[in-house]
$ cat entry_23.pdb   # PDB, C-alpha atoms, pLDDT in the B column
ATOM      1  CA  MET A   1       1.234 -14.949   8.086  1.00 76.00           C
ATOM      2  CA  GLU A   2      -1.642 -15.521   5.721  1.00 86.00           C
ATOM      3  CA  ARG A   3      -0.690 -14.988   2.108  1.00 91.00           C
ATOM      4  CA  LYS A   4      -2.433 -14.995  -1.239  1.00 92.00           C
ATOM      5  CA  GLU A   5      -0.627 -15.278  -4.579  1.00 94.00           C
ATOM      6  CA  THR A   6      -2.170 -14.894  -8.001  1.00 93.00           C
ATOM      7  CA  GLU A   7      -0.676 -15.300 -11.470  1.00 94.00           C
ATOM      8  CA  ILE A   8      -1.774 -12.534 -13.815  1.00 94.00           C
ATOM      9  CA  ILE A   9      -1.020 -11.044 -17.215  1.00 93.00           C
ATOM     10  CA  TYR A  10       0.259  -7.480 -16.788  1.00 93.00           C
ATOM     11  CA  PHE A  11       0.913  -5.443 -19.920  1.00 91.00           C
ATOM     12  CA  GLY A  12       1.011  -8.657 -21.939  1.00 93.00           C
ATOM     13  CA  GLN A  13       3.557 -10.370 -19.657  1.00 94.00           C
ATOM     14  CA  LYS A  14       3.140 -13.097 -17.055  1.00 95.00           C
ATOM     15  CA  ALA A  15       3.498 -11.782 -13.518  1.00 96.00           C
ATOM     16  CA  LYS A  16       2.746 -12.869  -9.975  1.00 96.00           C
ATOM     17  CA  VAL A  17       1.169 -10.734  -7.256  1.00 97.00           C
ATOM     18  CA  ALA A  18       0.896 -11.430  -3.533  1.00 96.00           C
ATOM     19  CA  CYS A  19      -0.543  -9.844  -0.421  1.00 96.00           C
ATOM     20  CA  ASP A  20      -1.088 -10.547   3.270  1.00 95.00           C
ATOM     21  CA  MET A  21      -4.897 -10.706   2.822  1.00 93.00           C
ATOM     22  CA  LYS A  22      -5.497  -7.900   5.322  1.00 94.00           C
ATOM     23  CA  CYS A  23      -8.019  -6.079   3.160  1.00 94.00           C
ATOM     24  CA  ASN A  24      -9.481  -4.644   6.357  1.00 94.00           C
ATOM     25  CA  LYS A  25      -6.232  -2.669   6.752  1.00 96.00           C
ATOM     26  CA  ALA A  26      -5.828  -1.788   3.049  1.00 96.00           C
ATOM     27  CA  TRP A  27      -6.321   1.918   2.353  1.00 96.00           C
ATOM     28  CA  GLY A  28      -4.660   2.187  -1.062  1.00 96.00           C
ATOM     29  CA  PHE A  29      -1.483   4.092  -1.967  1.00 93.00           C
ATOM     30  CA  THR A  30      -3.160   7.473  -2.289  1.00 90.00           C
ATOM     31  CA  CYS A  31      -5.481   7.122   0.706  1.00 93.00           C
ATOM     32  CA  ARG A  32      -3.343   5.529   3.449  1.00 96.00           C
ATOM     33  CA  PRO A  33      -2.823   8.035   6.273  1.00 96.00           C
ATOM     34  CA  LYS A  34       0.636   9.585   6.220  1.00 95.00           C
ATOM     35  CA  ILE A  35       2.732  12.206   7.989  1.00 94.00           C
ATOM     36  CA  TYR A  36       5.251  14.437   6.239  1.00 93.00           C
ATOM     37  CA  VAL A  37       8.697  14.129   7.773  1.00 93.00           C
ATOM     38  CA  ASN A  38       9.326  17.891   7.796  1.00 90.00           C
ATOM     39  CA  ASP A  39       5.911  18.888   9.184  1.00 90.00           C
ATOM     40  CA  PRO A  40       6.652  20.316  12.648  1.00 90.00           C
ATOM     41  CA  GLU A  41       3.042  19.639  13.712  1.00 91.00           C
ATOM     42  CA  GLN A  42       3.111  16.013  12.452  1.00 91.00           C
ATOM     43  CA  ARG A  43      -0.382  16.336  10.952  1.00 91.00           C
ATOM     44  CA  VAL A  44      -1.954  13.230   9.422  1.00 93.00           C
ATOM     45  CA  TYR A  45      -2.949  13.390   5.748  1.00 91.00           C
ATOM     46  CA  GLY A  46      -4.950  10.780   3.839  1.00 89.00           C
ATOM     47  CA  LEU A  47      -8.485   9.469   3.477  1.00 82.00           C
ATOM     48  CA  GLY A  48     -10.750  11.039   6.080  1.00 81.00           C
ATOM     49  CA  SER A  49      -8.157  13.564   7.261  1.00 82.00           C
ATOM     50  CA  LYS A  50      -9.280  17.140   7.849  1.00 81.00           C
ATOM     51  CA  HIS A  51      -5.992  18.164   6.200  1.00 81.00           C
ATOM     52  CA  GLY A  52      -6.771  16.357   2.928  1.00 77.00           C
ATOM     53  CA  TYR A  53      -4.928  13.632   1.038  1.00 74.00           C
ATOM     54  CA  TRP A  54      -1.651  15.441   0.343  1.00 72.00           C
ATOM     55  CA  ALA A  55       0.215  18.414   1.736  1.00 74.00           C
ATOM     56  CA  SER A  56       1.252  21.193  -0.582  1.00 67.00           C
ATOM     57  CA  ASP A  57       4.964  21.783  -1.011  1.00 66.00           C
ATOM     58  CA  GLU A  58       5.115  23.709   2.288  1.00 73.00           C
ATOM     59  CA  PHE A  59       7.228  20.976   3.913  1.00 75.00           C
ATOM     60  CA  GLY A  60       9.868  20.794   1.201  1.00 74.00           C
ATOM     61  CA  ASP A  61       9.976  17.437  -0.562  1.00 83.00           C
ATOM     62  CA  GLU A  62       6.378  16.325  -1.133  1.00 85.00           C
ATOM     63  CA  ASP A  63       7.601  12.715  -1.400  1.00 90.00           C
ATOM     64  CA  ASP A  64       9.246  12.736   2.046  1.00 92.00           C
ATOM     65  CA  TYR A  65       6.576  11.161   4.220  1.00 93.00           C
ATOM     66  CA  PHE A  66       5.887   7.983   6.139  1.00 96.00           C
ATOM     67  CA  CYS A  67       2.732   5.914   6.159  1.00 96.00           C
ATOM     68  CA  LEU A  68       1.316   4.995   9.535  1.00 97.00           C
ATOM     69  CA  SER A  69       1.537   1.394  10.726  1.00 97.00           C
ATOM     70  CA  ASP A  70      -1.480  -0.894  11.017  1.00 97.00           C
ATOM     71  CA  ASP A  71      -1.469  -0.513  14.805  1.00 97.00           C
ATOM     72  CA  GLU A  72      -1.689   3.283  14.507  1.00 97.00           C
ATOM     73  CA  LEU A  73      -4.781   3.074  12.310  1.00 96.00           C
ATOM     74  CA  GLU A  74      -8.366   1.991  12.647  1.00 94.00           C
ATOM     75  CA  GLU A  75      -9.818  -0.441  10.137  1.00 95.00           C
ATOM     76  CA  ALA A  76      -9.735   0.889   6.581  1.00 95.00           C
ATOM     77  CA  PRO A  77     -13.080   1.691   4.983  1.00 94.00           C
ATOM     78  CA  GLU A  78     -14.660  -1.086   2.905  1.00 93.00           C
ATOM     79  CA  CYS A  79     -14.765   1.320  -0.029  1.00 92.00           C
ATOM     80  CA  THR A  80     -11.980   3.871  -0.402  1.00 91.00           C
ATOM     81  CA  GLY A  81     -13.700   5.627  -3.295  1.00 91.00           C
ATOM     82  CA  THR A  82     -10.884   4.678  -5.678  1.00 92.00           C
ATOM     83  CA  TRP A  83     -11.244   2.367  -8.676  1.00 93.00           C
ATOM     84  CA  GLU A  84      -8.841   0.815 -11.161  1.00 94.00           C
ATOM     85  CA  GLY A  85     -10.212  -0.360 -14.490  1.00 92.00           C
ATOM     86  CA  GLY A  86     -13.677  -0.627 -12.953  1.00 93.00           C
ATOM     87  CA  ASP A  87     -12.447  -2.676  -9.965  1.00 94.00           C
ATOM     88  CA  GLY A  88     -12.712  -1.446  -6.392  1.00 93.00           C
ATOM     89  CA  LYS A  89     -11.199  -2.721  -3.193  1.00 94.00           C
ATOM     90  CA  PRO A  90     -12.215  -6.355  -2.647  1.00 91.00           C
ATOM     91  CA  PHE A  91     -13.835  -7.683   0.504  1.00 87.00           C
ATOM     92  CA  ILE A  92     -11.686  -9.871   2.754  1.00 81.00           C
ATOM     93  CA  GLU A  93     -14.334 -12.612   2.705  1.00 83.00           C
ATOM     94  CA  ASP A  94     -14.003 -12.807  -1.080  1.00 82.00           C
ATOM     95  CA  MET A  95     -10.203 -12.901  -1.002  1.00 82.00           C
ATOM     96  CA  LYS A  96     -10.249 -15.907   1.335  1.00 83.00           C
ATOM     97  CA  ASP A  97     -11.922 -17.912  -1.455  1.00 86.00           C
ATOM     98  CA  LYS A  98      -9.122 -19.782  -3.256  1.00 83.00           C
ATOM     99  CA  ASP A  99     -10.829 -19.203  -6.610  1.00 86.00           C
ATOM    100  CA  VAL A 100     -10.955 -15.415  -6.228  1.00 88.00           C
ATOM    101  CA  ARG A 101      -8.013 -13.637  -7.851  1.00 90.00           C
ATOM    102  CA  HIS A 102      -6.457 -10.258  -7.097  1.00 94.00           C
ATOM    103  CA  ASN A 103      -8.259  -7.610  -9.115  1.00 94.00           C
ATOM    104  CA  LYS A 104      -6.993  -4.458 -10.835  1.00 95.00           C
ATOM    105  CA  TRP A 105      -7.420  -2.370  -7.677  1.00 96.00           C
ATOM    106  CA  CYS A 106      -5.208  -4.796  -5.755  1.00 95.00           C
ATOM    107  CA  VAL A 107      -2.442  -4.674  -8.356  1.00 95.00           C
ATOM    108  CA  ARG A 108      -2.499  -0.954  -9.149  1.00 95.00           C
ATOM    109  CA  ALA A 109      -3.734   0.723  -5.970  1.00 96.00           C
ATOM    110  CA  CYS A 110      -3.262  -1.482  -2.899  1.00 97.00           C
ATOM    111  CA  GLU A 111      -0.239  -0.659  -0.747  1.00 97.00           C
ATOM    112  CA  ARG A 112      -0.215  -4.221   0.616  1.00 96.00           C
ATOM    113  CA  CYS A 113       0.074  -5.934  -2.759  1.00 97.00           C
ATOM    114  CA  VAL A 114       3.476  -6.675  -4.328  1.00 97.00           C
ATOM    115  CA  MET A 115       4.244  -7.801  -7.873  1.00 97.00           C
ATOM    116  CA  THR A 116       7.167  -9.496  -9.586  1.00 96.00           C
ATOM    117  CA  GLU A 117       9.461  -7.417 -11.763  1.00 94.00           C
ATOM    118  CA  HIS A 118       8.707  -7.242 -15.478  1.00 91.00           C
ATOM    119  CA  GLY A 119       9.956 -10.431 -17.149  1.00 91.00           C
ATOM    120  CA  LYS A 120      10.558 -12.279 -13.826  1.00 94.00           C
ATOM    121  CA  PRO A 121       7.226 -14.017 -13.082  1.00 94.00           C
ATOM    122  CA  ASP A 122       8.805 -16.764 -10.983  1.00 93.00           C
ATOM    123  CA  GLU A 123      10.757 -14.609  -8.530  1.00 95.00           C
ATOM    124  CA  GLU A 124      10.010 -14.867  -4.804  1.00 94.00           C
ATOM    125  CA  LEU A 125       7.806 -12.098  -3.485  1.00 96.00           C
ATOM    126  CA  LYS A 126       8.331 -10.502  -0.081  1.00 96.00           C
ATOM    127  CA  ILE A 127       5.221  -9.100   1.562  1.00 95.00           C
ATOM    128  CA  LYS A 128       5.611  -5.610   3.041  1.00 94.00           C
ATOM    129  CA  ASP A 129       5.619  -5.337   6.824  1.00 95.00           C
ATOM    130  CA  TRP A 130       2.927  -2.885   7.918  1.00 97.00           C
ATOM    131  CA  SER A 131       3.479  -3.507  11.636  1.00 96.00           C
ATOM    132  CA  LYS A 132       5.784  -0.491  11.536  1.00 95.00           C
ATOM    133  CA  ARG A 133       5.768   2.853   9.761  1.00 96.00           C
ATOM    134  CA  ARG A 134       6.893   2.710   6.136  1.00 96.00           C
ATOM    135  CA  TYR A 135       8.979   5.620   4.900  1.00 96.00           C
ATOM    136  CA  ASN A 136       8.559   6.643   1.284  1.00 94.00           C
ATOM    137  CA  ILE A 137      12.223   7.736   1.292  1.00 94.00           C
ATOM    138  CA  PRO A 138      14.047   5.098   3.385  1.00 93.00           C
ATOM    139  CA  LYS A 139      16.889   7.438   4.367  1.00 93.00           C
ATOM    140  CA  SER A 140      14.359   9.634   6.210  1.00 93.00           C
ATOM    141  CA  ASN A 141      13.742   6.806   8.668  1.00 92.00           C
ATOM    142  CA  PRO A 142      15.794   7.422  11.850  1.00 89.00           C
ATOM    143  CA  GLU A 143      16.451   3.655  11.950  1.00 87.00           C
ATOM    144  CA  TYR A 144      17.821   3.596   8.380  1.00 86.00           C
ATOM    145  CA  LYS A 145      21.170   1.862   7.979  1.00 78.00           C
ATOM    146  CA  ASP A 146      23.137   2.565   4.823  1.00 68.00           C
ATOM    147  CA  GLU A 147      24.333  -0.800   3.567  1.00 56.00           C
ATOM    148  CA  GLN A 148      26.864   0.537   1.074  1.00 46.00           C
TER     149      GLN A 148
END
$ encode --input "entry_23.pdb" --output "structure tokens"
Amino acid sequence: MERKETEIIYFGQKAKVACDMKCNKAWGFTCRPKIYVNDPEQRVYGLGSKHGYWASDEFGDEDDYFCLSDDELEEAPECTGTWEGGDGKPFIEDMKDKDVRHNKWCVRACERCVMTEHGKPDEELKIKDWSKRRYNIPKSNPEYKDEQ
């Protein structure tokens, strides 16, 4: 799997961020198409959806949803219309350049980007697997296994 890591300063502390460099599949946290677990019609919400970005509280817990996998989605738009500190979603061609660093959009808005915990800039980062649906509340996943 391709991978890009960048060292950054985040709130005055050293940190490391990483991603799988699939900017073409990056929608952003607020825009990635999702389905609410308790929606009997399993309608898709998110960027470009006729239902809007978010459901109201009609399905109970507004945080109980899953994001669709990469295979269930088309390519993400080059511009999602979201910005962080003046930075928008980068282009994949730019990210392949070894001298190009993750920008503020990557760190704050991209669902594919992961960052080390505060004060632990050297920890190993695990890239999220978007080949399957990702549940916002893991216990809602029918395949969830309680490890306690």
$ resolve_selection --input "entry_23.pdb" --expression "the PyMOL selection byres ((chain A and resi 112) around 12)" --output "ChimeraX atom specification"
/A:3-4,17-29,32,67,69-70,89,102,105-111,113-115,125-131,134
$ atom_distance --input "entry_23.pdb" --atom1 "CA of Tyr53 in chain A" --atom2 "CA of Glu143 in chain A"
26.0 Å
$ atom_distance --input "entry_23.pdb" --atom1 "CA of Gly12 in chain A" --atom2 "CA of Asp99 in chain A"
22.1 Å
$ atom_distance --input "entry_23.pdb" --atom1 "CA of Glu123 in chain A" --atom2 "CA of Lys145 in chain A"
25.5 Å
$ resolve_selection --input "entry_23.pdb" --expression "the PyMOL selection byres ((chain A and resi 58) around 12)" --output "JSON, numbers by chain"
{"A": [36, 37, 38, 39, 40, 54, 55, 56, 57, 59, 60, 61, 62, 63, 64]}
$ axis_aligned_box --input "entry_23.pdb" --around "range 3-20 of chain A" --padding-each-side "6 Å" --output "JSON"
{"center_x": 0.6, "center_y": -10.4, "center_z": -9.3, "size_x": 18.0, "size_y": 21.9, "size_z": 37.2}
$ resolve_selection --input "entry_23.pdb" --expression "the PyMOL selection byres ((chain A and resi 122) around 10)" --output "list of chain:residue names"
A:Glu7, A:Lys14, A:Ala15, A:Lys16, A:Thr116, A:Glu117, A:Gly119, A:Lys120, A:Pro121, A:Glu123, A:Glu124, A:Leu125
